[in-house]
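Undergrad: Got a file for you: coords.pdb, PDB, C-alpha atoms, pLDDT in the B column.
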ATOM      1  CA  MET A 183       9.243   6.480 -34.152  1.00 55.00           C
ATOM      2  CA  LYS A 184       8.736   9.232 -31.595  1.00 60.00           C
ATOM      3  CA  ARG A 185       4.972   8.605 -31.565  1.00 60.00           C
ATOM      4  CA  TYR A 186       5.599   4.906 -30.995  1.00 55.00           C
ATOM      5  CA  LEU A 187       7.790   5.634 -27.958  1.00 51.00           C
ATOM      6  CA  ILE A 188       5.225   8.051 -26.527  1.00 57.00           C
ATOM      7  CA  ALA A 189       2.424   5.507 -27.013  1.00 52.00           C
ATOM      8  CA  ALA A 190       4.515   2.737 -25.445  1.00 54.00           C
ATOM      9  CA  SER A 191       5.432   4.986 -22.517  1.00 53.00           C
ATOM     10  CA  MET A 192       1.800   5.917 -21.891  1.00 55.00           C
ATOM     11  CA  ALA A 193       0.688   2.274 -22.071  1.00 56.00           C
ATOM     12  CA  ALA A 194       3.394   1.278 -19.591  1.00 55.00           C
ATOM     13  CA  LEU A 195       2.471   4.163 -17.293  1.00 52.00           C
ATOM     14  CA  ILE A 196      -1.179   3.138 -17.266  1.00 55.00           C
ATOM     15  CA  GLY A 197      -0.211  -0.494 -16.656  1.00 54.00           C
ATOM     16  CA  LEU A 198       2.116   0.383 -13.786  1.00 49.00           C
ATOM     17  CA  THR A 199      -0.442   2.685 -12.189  1.00 47.00           C
ATOM     18  CA  GLY A 200      -2.986  -0.113 -12.185  1.00 45.00           C
ATOM     19  CA  ALA A 201      -0.479  -2.448 -10.546  1.00 42.00           C
ATOM     20  CA  ALA A 202       0.210   0.082  -7.814  1.00 44.00           C
ATOM     21  CA  HIS A 203      -3.483   0.207  -6.951  1.00 44.00           C
ATOM     22  CA  ALA A 204      -4.243  -3.491  -7.348  1.00 49.00           C
ATOM     23  CA  ALA A 205      -6.095  -4.859  -4.362  1.00 62.00           C
ATOM     24  CA  THR A 206      -4.171  -7.668  -2.726  1.00 89.00           C
ATOM     25  CA  ASN A 207      -5.009  -9.624   0.376  1.00 96.00           C
ATOM     26  CA  ALA A 208      -2.730  -8.227   3.077  1.00 97.00           C
ATOM     27  CA  ALA A 209      -3.703 -11.159   5.313  1.00 98.00           C
ATOM     28  CA  ALA A 210      -2.637 -13.954   2.950  1.00 97.00           C
ATOM     29  CA  ASN A 211       0.553 -16.014   3.042  1.00 98.00           C
ATOM     30  CA  LEU A 212       1.692 -14.938   6.497  1.00 98.00           C
ATOM     31  CA  PRO A 213       3.388 -17.307   8.983  1.00 98.00           C
ATOM     32  CA  SER A 214       0.902 -19.629  10.699  1.00 98.00           C
ATOM     33  CA  SER A 215       1.579 -17.895  14.032  1.00 98.00           C
ATOM     34  CA  SER A 216      -0.066 -14.754  12.587  1.00 98.00           C
ATOM     35  CA  TYR A 217      -3.536 -16.317  12.716  1.00 98.00           C
ATOM     36  CA  SER A 218      -5.737 -17.048  15.723  1.00 98.00           C
ATOM     37  CA  ASP A 219      -9.393 -17.840  16.401  1.00 98.00           C
ATOM     38  CA  SER A 220     -11.764 -18.456  19.285  1.00 97.00           C
ATOM     39  CA  GLN A 221     -12.066 -22.070  18.176  1.00 97.00           C
ATOM     40  CA  ASN A 222     -12.046 -24.055  14.956  1.00 97.00           C
ATOM     41  CA  TRP A 223     -13.301 -27.320  13.581  1.00 96.00           C
ATOM     42  CA  ASN A 224     -11.847 -29.937  11.261  1.00 96.00           C
ATOM     43  CA  GLY A 225      -8.901 -27.866  10.034  1.00 97.00           C
ATOM     44  CA  HIS A 226     -11.026 -24.819   9.121  1.00 98.00           C
ATOM     45  CA  THR A 227      -8.963 -22.162  10.911  1.00 98.00           C
ATOM     46  CA  ALA A 228      -8.385 -18.412  10.745  1.00 98.00           C
ATOM     47  CA  GLN A 229      -5.368 -19.206   8.563  1.00 98.00           C
ATOM     48  CA  THR A 230      -7.532 -20.994   5.995  1.00 98.00           C
ATOM     49  CA  LEU A 231     -10.110 -18.149   6.122  1.00 98.00           C
ATOM     50  CA  PHE A 232      -7.578 -15.494   5.121  1.00 98.00           C
ATOM     51  CA  ASN A 233      -5.932 -17.728   2.502  1.00 98.00           C
ATOM     52  CA  GLY A 234      -8.940 -18.336   0.246  1.00 97.00           C
ATOM     53  CA  GLU A 235     -10.709 -21.134   2.076  1.00 97.00           C
ATOM     54  CA  SER A 236     -13.049 -21.217   5.088  1.00 97.00           C
ATOM     55  CA  TRP A 237     -13.091 -20.951   8.870  1.00 97.00           C
ATOM     56  CA  ASN A 238     -15.624 -22.890  10.919  1.00 96.00           C
ATOM     57  CA  ALA A 239     -15.844 -22.503  14.678  1.00 94.00           C
ATOM     58  CA  GLY A 240     -17.534 -25.883  15.026  1.00 92.00           C
ATOM     59  CA  ASP A 241     -20.074 -24.305  17.352  1.00 90.00           C
ATOM     60  CA  GLY A 242     -22.752 -21.633  17.309  1.00 86.00           C
ATOM     61  CA  GLY A 243     -22.771 -18.355  19.134  1.00 89.00           C
ATOM     62  CA  THR A 244     -20.307 -15.516  18.956  1.00 95.00           C
ATOM     63  CA  GLN A 245     -16.872 -16.507  17.632  1.00 96.00           C
ATOM     64  CA  TRP A 246     -13.869 -14.657  16.199  1.00 98.00           C
ATOM     65  CA  ALA A 247     -10.977 -14.992  13.751  1.00 98.00           C
ATOM     66  CA  GLN A 248      -7.950 -12.683  13.889  1.00 99.00           C
ATOM     67  CA  VAL A 249      -4.874 -11.959  11.790  1.00 98.00           C
ATOM     68  CA  ASP A 250      -1.634 -10.231  12.790  1.00 98.00           C
ATOM     69  CA  LEU A 251      -0.492  -8.265   9.716  1.00 98.00           C
ATOM     70  CA  LEU A 252       3.093  -8.211  11.127  1.00 97.00           C
ATOM     71  CA  GLY A 253       3.226  -4.430  11.075  1.00 96.00           C
ATOM     72  CA  THR A 254       0.912  -1.446  11.116  1.00 95.00           C
ATOM     73  CA  LEU A 255      -0.909  -1.041   7.799  1.00 96.00           C
ATOM     74  CA  LEU A 256      -3.581   1.370   6.599  1.00 96.00           C
ATOM     75  CA  VAL A 257      -6.541  -0.983   6.178  1.00 98.00           C
ATOM     76  CA  THR A 258      -9.181   0.249   3.699  1.00 97.00           C
ATOM     77  CA  GLY A 259     -11.473  -2.743   3.313  1.00 98.00           C
ATOM     78  CA  VAL A 260     -12.536  -6.159   4.537  1.00 98.00           C
ATOM     79  CA  SER A 261     -14.573  -8.726   2.641  1.00 98.00           C
ATOM     80  CA  TYR A 262     -15.682 -12.316   3.198  1.00 98.00           C
ATOM     81  CA  VAL A 263     -18.551 -14.687   2.451  1.00 96.00           C
ATOM     82  CA  THR A 264     -20.961 -16.156   5.015  1.00 93.00           C
ATOM     83  CA  ASP A 265     -20.861 -19.930   5.191  1.00 89.00           C
ATOM     84  CA  GLN A 266     -23.945 -21.040   7.074  1.00 85.00           C
ATOM     85  CA  LEU A 267     -26.839 -23.474   6.997  1.00 83.00           C
ATOM     86  CA  PRO A 268     -29.692 -22.884   7.679  1.00 86.00           C
ATOM     87  CA  ASP A 269     -30.343 -19.323   6.522  1.00 88.00           C
ATOM     88  CA  GLY A 270     -30.922 -16.830   9.308  1.00 88.00           C
ATOM     89  CA  LEU A 271     -29.965 -13.723  11.185  1.00 91.00           C
ATOM     90  CA  SER A 272     -26.259 -13.051  11.406  1.00 93.00           C
ATOM     91  CA  TRP A 273     -23.987 -10.227  12.400  1.00 96.00           C
ATOM     92  CA  GLN A 274     -20.319  -9.517  12.024  1.00 97.00           C
ATOM     93  CA  LYS A 275     -18.125  -6.798  13.474  1.00 98.00           C
ATOM     94  CA  VAL A 276     -14.650  -5.907  12.231  1.00 98.00           C
ATOM     95  CA  TYR A 277     -12.085  -4.562  14.688  1.00 98.00           C
ATOM     96  CA  ILE A 278      -8.702  -3.046  13.819  1.00 98.00           C
ATOM     97  CA  SER A 279      -6.146  -2.491  16.577  1.00 98.00           C
ATOM     98  CA  ASP A 280      -2.442  -2.054  17.287  1.00 98.00           C
ATOM     99  CA  THR A 281      -2.604  -4.749  19.980  1.00 97.00           C
ATOM    100  CA  PRO A 282      -3.993  -8.304  19.869  1.00 98.00           C
ATOM    101  CA  ILE A 283      -7.775  -8.330  20.339  1.00 98.00           C
ATOM    102  CA  GLY A 284      -8.829 -11.943  20.975  1.00 97.00           C
ATOM    103  CA  ASP A 285     -11.668 -12.214  23.492  1.00 97.00           C
ATOM    104  CA  ASN A 286     -11.334  -8.519  24.441  1.00 96.00           C
ATOM    105  CA  TRP A 287     -13.372  -7.253  21.477  1.00 96.00           C
ATOM    106  CA  ALA A 288     -16.407  -6.244  23.592  1.00 94.00           C
ATOM    107  CA  SER A 289     -14.490  -3.336  25.149  1.00 93.00           C
ATOM    108  CA  LEU A 290     -13.599  -1.882  21.717  1.00 96.00           C
ATOM    109  CA  THR A 291     -15.574   0.053  19.111  1.00 96.00           C
ATOM    110  CA  PRO A 292     -15.901  -1.861  15.833  1.00 98.00           C
ATOM    111  CA  THR A 293     -14.595  -0.248  12.653  1.00 97.00           C
ATOM    112  CA  VAL A 294     -17.600  -1.584  10.697  1.00 98.00           C
ATOM    113  CA  THR A 295     -20.652  -3.735  11.497  1.00 97.00           C
ATOM    114  CA  PHE A 296     -23.068  -5.841   9.441  1.00 97.00           C
ATOM    115  CA  GLN A 297     -26.357  -7.239  10.732  1.00 96.00           C
ATOM    116  CA  GLY A 298     -29.094  -8.869   8.699  1.00 94.00           C
ATOM    117  CA  TYR A 299     -30.640 -11.977   7.234  1.00 93.00           C
ATOM    118  CA  THR A 300     -28.060 -14.025   5.352  1.00 92.00           C
ATOM    119  CA  THR A 301     -27.971 -17.265   3.442  1.00 89.00           C
ATOM    120  CA  ALA A 302     -25.067 -19.540   2.634  1.00 89.00           C
ATOM    121  CA  ASN A 303     -22.614 -17.737   0.350  1.00 93.00           C
ATOM    122  CA  THR A 304     -23.772 -14.180   1.105  1.00 94.00           C
ATOM    123  CA  PRO A 305     -20.897 -11.853   0.157  1.00 97.00           C
ATOM    124  CA  ILE A 306     -20.154  -9.139   2.727  1.00 97.00           C
ATOM    125  CA  SER A 307     -17.822  -6.307   1.754  1.00 97.00           C
ATOM    126  CA  PHE A 308     -16.776  -3.163   3.611  1.00 97.00           C
ATOM    127  CA  SER A 309     -14.817  -0.230   2.183  1.00 97.00           C
ATOM    128  CA  PHE A 310     -13.861   2.601   4.505  1.00 96.00           C
ATOM    129  CA  GLY A 311     -11.319   5.357   4.995  1.00 95.00           C
ATOM    130  CA  ALA A 312      -7.868   4.100   5.895  1.00 95.00           C
ATOM    131  CA  VAL A 313      -7.636   2.829   9.484  1.00 97.00           C
ATOM    132  CA  ALA A 314      -4.166   2.133  10.892  1.00 96.00           C
ATOM    133  CA  GLY A 315      -3.655  -1.123  12.732  1.00 97.00           C
ATOM    134  CA  ARG A 316      -1.657  -4.310  12.979  1.00 98.00           C
ATOM    135  CA  TYR A 317      -4.417  -6.711  14.051  1.00 98.00           C
ATOM    136  CA  VAL A 318      -7.714  -7.273  12.232  1.00 99.00           C
ATOM    137  CA  GLU A 319     -10.407  -9.366  13.884  1.00 98.00           C
ATOM    138  CA  ILE A 320     -13.782 -10.443  12.532  1.00 98.00           C
ATOM    139  CA  VAL A 321     -16.275 -11.269  15.274  1.00 98.00           C
ATOM    140  CA  ALA A 322     -19.218 -13.246  13.882  1.00 96.00           C
ATOM    141  CA  TYR A 323     -22.539 -14.680  15.007  1.00 95.00           C
ATOM    142  CA  ASN A 324     -24.881 -16.874  12.959  1.00 88.00           C
ATOM    143  CA  ASP A 325     -28.347 -17.667  14.306  1.00 84.00           C
ATOM    144  CA  GLY A 326     -29.082 -21.389  14.218  1.00 76.00           C
ATOM    145  CA  SER A 327     -25.800 -22.393  12.610  1.00 81.00           C
ATOM    146  CA  TRP A 328     -22.186 -23.020  13.362  1.00 88.00           C
ATOM    147  CA  THR A 329     -20.323 -19.755  13.011  1.00 90.00           C
ATOM    148  CA  ALA A 330     -18.429 -19.940   9.724  1.00 93.00           C
ATOM    149  CA  LEU A 331     -16.982 -17.580   7.102  1.00 96.00           C
ATOM    150  CA  LYS A 332     -14.908 -18.066   3.964  1.00 97.00           C
ATOM    151  CA  SER A 333     -12.665 -16.167   1.540  1.00 97.00           C
ATOM    152  CA  GLY A 334     -11.566 -13.428   3.956  1.00 97.00           C
ATOM    153  CA  VAL A 335      -9.670 -10.541   2.335  1.00 98.00           C
ATOM    154  CA  ILE A 336      -8.029  -7.557   4.054  1.00 98.00           C
ATOM    155  CA  THR A 337      -7.296  -4.654   1.692  1.00 96.00           C
ATOM    156  CA  ALA A 338      -4.617  -2.139   2.645  1.00 94.00           C
ATOM    157  CA  VAL A 339      -3.076   0.954   1.084  1.00 90.00           C
ATOM    158  CA  PRO A 340      -0.068  -0.091  -1.017  1.00 78.00           C
ATOM    159  CA  GLU A 341       3.297   0.070   0.708  1.00 65.00           C
ATOM    160  CA  PRO A 342       5.608   2.985  -0.171  1.00 66.00           C
ATOM    161  CA  GLU A 343       7.898   0.463  -1.884  1.00 66.00           C
ATOM    162  CA  THR A 344       5.188  -0.083  -4.510  1.00 66.00           C
ATOM    163  CA  TYR A 345       5.269   3.580  -5.461  1.00 66.00           C
ATOM    164  CA  ALA A 346       9.080   3.567  -5.433  1.00 72.00           C
ATOM    165  CA  MET A 347       9.054   0.700  -7.943  1.00 74.00           C
ATOM    166  CA  LEU A 348       6.597   2.658 -10.100  1.00 77.00           C
ATOM    167  CA  LEU A 349       8.856   5.717 -10.129  1.00 77.00           C
ATOM    168  CA  ALA A 350      11.967   3.625 -10.784  1.00 80.00           C
ATOM    169  CA  GLY A 351      10.248   1.940 -13.730  1.00 82.00           C
ATOM    170  CA  LEU A 352       9.234   5.283 -15.176  1.00 82.00           C
ATOM    171  CA  GLY A 353      12.793   6.551 -14.766  1.00 81.00           C
ATOM    172  CA  VAL A 354      14.212   3.537 -16.608  1.00 82.00           C
ATOM    173  CA  MET A 355      11.694   4.027 -19.425  1.00 83.00           C
ATOM    174  CA  GLY A 356      12.610   7.715 -19.692  1.00 83.00           C
ATOM    175  CA  TYR A 357      16.313   6.882 -19.762  1.00 81.00           C
ATOM    176  CA  ALA A 358      15.794   4.252 -22.466  1.00 81.00           C
ATOM    177  CA  ALA A 359      13.694   6.621 -24.577  1.00 80.00           C
ATOM    178  CA  ARG A 360      16.245   9.418 -24.263  1.00 78.00           C
ATOM    179  CA  ARG A 361      19.134   7.110 -25.078  1.00 76.00           C
ATOM    180  CA  ARG A 362      17.298   5.694 -28.073  1.00 76.00           C
ATOM    181  CA  LYS A 363      16.612   9.236 -29.314  1.00 75.00           C
ATOM    182  CA  ALA A 364      20.335  10.066 -29.121  1.00 69.00           C
ATOM    183  CA  VAL A 365      21.263   7.065 -31.294  1.00 67.00           C
TER     184      VAL A 365
END
Could you spell out this file's structure in structure tokens?
TA:
Amino acid sequence: MKRYLIAASMAALIGLTGAAHAATNAAANLPSSSYSDSQNWNGHTAQTLFNGESWNAGDGGTQWAQVDLLGTLLVTGVSYVTDQLPDGLSWQKVYISDTPIGDNWASLTPTVTFQGYTTANTPISFSFGAVAGRYVEIVAYNDGSWTALKSGVITAVPEPETYAMLLAGLGVMGYAARRRKAV
């Protein structure tokens, strides 16, 4: 019986640890006022970009989509997919700031930059050391195409509450195991 409890405890510990490190989209399911963009077309907004769909500026040139994370987070990654036709040169820059960025991105230093030849559905993914900020903005340019991206994900370090839940769960398991042993 003791071996069974130890095995169950270890399995639960491994499962809880994985949940604490699970990558979630910190930019999803926020109030609509949290999203902004330089322009959008046909309902393809910054809000749809960060909630699993696409953003389309409806025009070429340099455009941007921004999300207010509603509090300072430690951002560790950004990923999205290019959504362009025809294929061509594109670049994207990701900015993280404590204040709204909007059209003022040119005066800031980007956290990460991508430049290269892309086709429709080219996945772009950045992982970097934790950068603190409340606002995340993707500035994008597609050569010969409307500026468009899809499936935007912002990855952040888990909140302290996640670790508190992990510790509380372990405590409850320890209590239950000890109580069961006494019976």
Undergrad: Sort by chain and increasing residue number a table of all residues of range 300-358 of chain A within 10 Å of range 237-249 of chain A, each with its closest pair of atoms and their distance in Å to one decimal, counting all atoms listed in the file, and write it as CSV.
TA:
residue,atom,partner,partner_atom,distance
A:Arg316,CA,A:Val249,CA,8.4
A:Tyr317,CA,A:Val249,CA,5.7
A:Val318,CA,A:Val249,CA,5.5
A:Glu319,CA,A:Gln248,CA,4.1
A:Ile320,CA,A:Ala247,CA,5.5
A:Val321,CA,A:Trp246,CA,4.3
A:Ala322,CA,A:Gln245,CA,5.5
A:Tyr323,CA,A:Thr244,CA,4.6
A:Asn324,CA,A:Gly243,CA,6.7
A:Asp325,CA,A:Gly243,CA,7.4
A:Gly326,CA,A:Gly242,CA,7.0
A:Ser327,CA,A:Gly242,CA,5.7
A:Trp328,CA,A:Gly242,CA,4.2
A:Thr329,CA,A:Gly242,CA,5.3
A:Ala330,CA,A:Asn238,CA,4.2
A:Leu331,CA,A:Trp237,CA,5.4
A:Lys332,CA,A:Trp237,CA,6.0
A:Ser333,CA,A:Trp237,CA,8.8
A:Gly334,CA,A:Trp237,CA,9.1
A:Ile336,CA,A:Val249,CA,9.4
Undergrad: Counting all atoms listed in the file, write as a count of residues only all protein and nucleic acid residues lying at most 12 Å from (-16.1, -12.3, 3.4) in the file's frame.
TA: 38
Undergrad: Would you work out the distance separating CA of Ala210 in chain A from CA of Leu256 in chain A, expressed in Å to one decimal?
TA: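 Interatomic distance, CA of Ala210 in chain A to CA of Leu256 in chain A: 15.8 Å.
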Undergrad: Go through A:Val354, A:Ala288, A:Ile283, A:Ile278 and flag the residue nearest Thr254 in chain A, using only C-alpha atoms for the distances.
TA: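 Closest residue, counting only C-alpha atoms: A:Ile278.
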Undergrad: List as a list in words: which residues have an atom within 10 Å of (4.1, -7.8, 8.8), counting all atoms listed in the file?
TA: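 Within the cut-off we find Ala208, Ala209, Leu212, Pro213, Ser216, Asp250, Leu251, Leu252, Gly253, Thr254, Leu255 and Arg316 of chain A.
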Undergrad: How many Å lie between CA of Thr258 in chain A and CA of Phe310 in chain A, rounded to one decimal?
TA: 5.3 Å
Undergrad: Just give me the gap between CA of Ser279 in chain A and CA of Val257 in chain A in Å, one decimal is fine.
TA: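 These atoms are spaced 10.5 Å apart.
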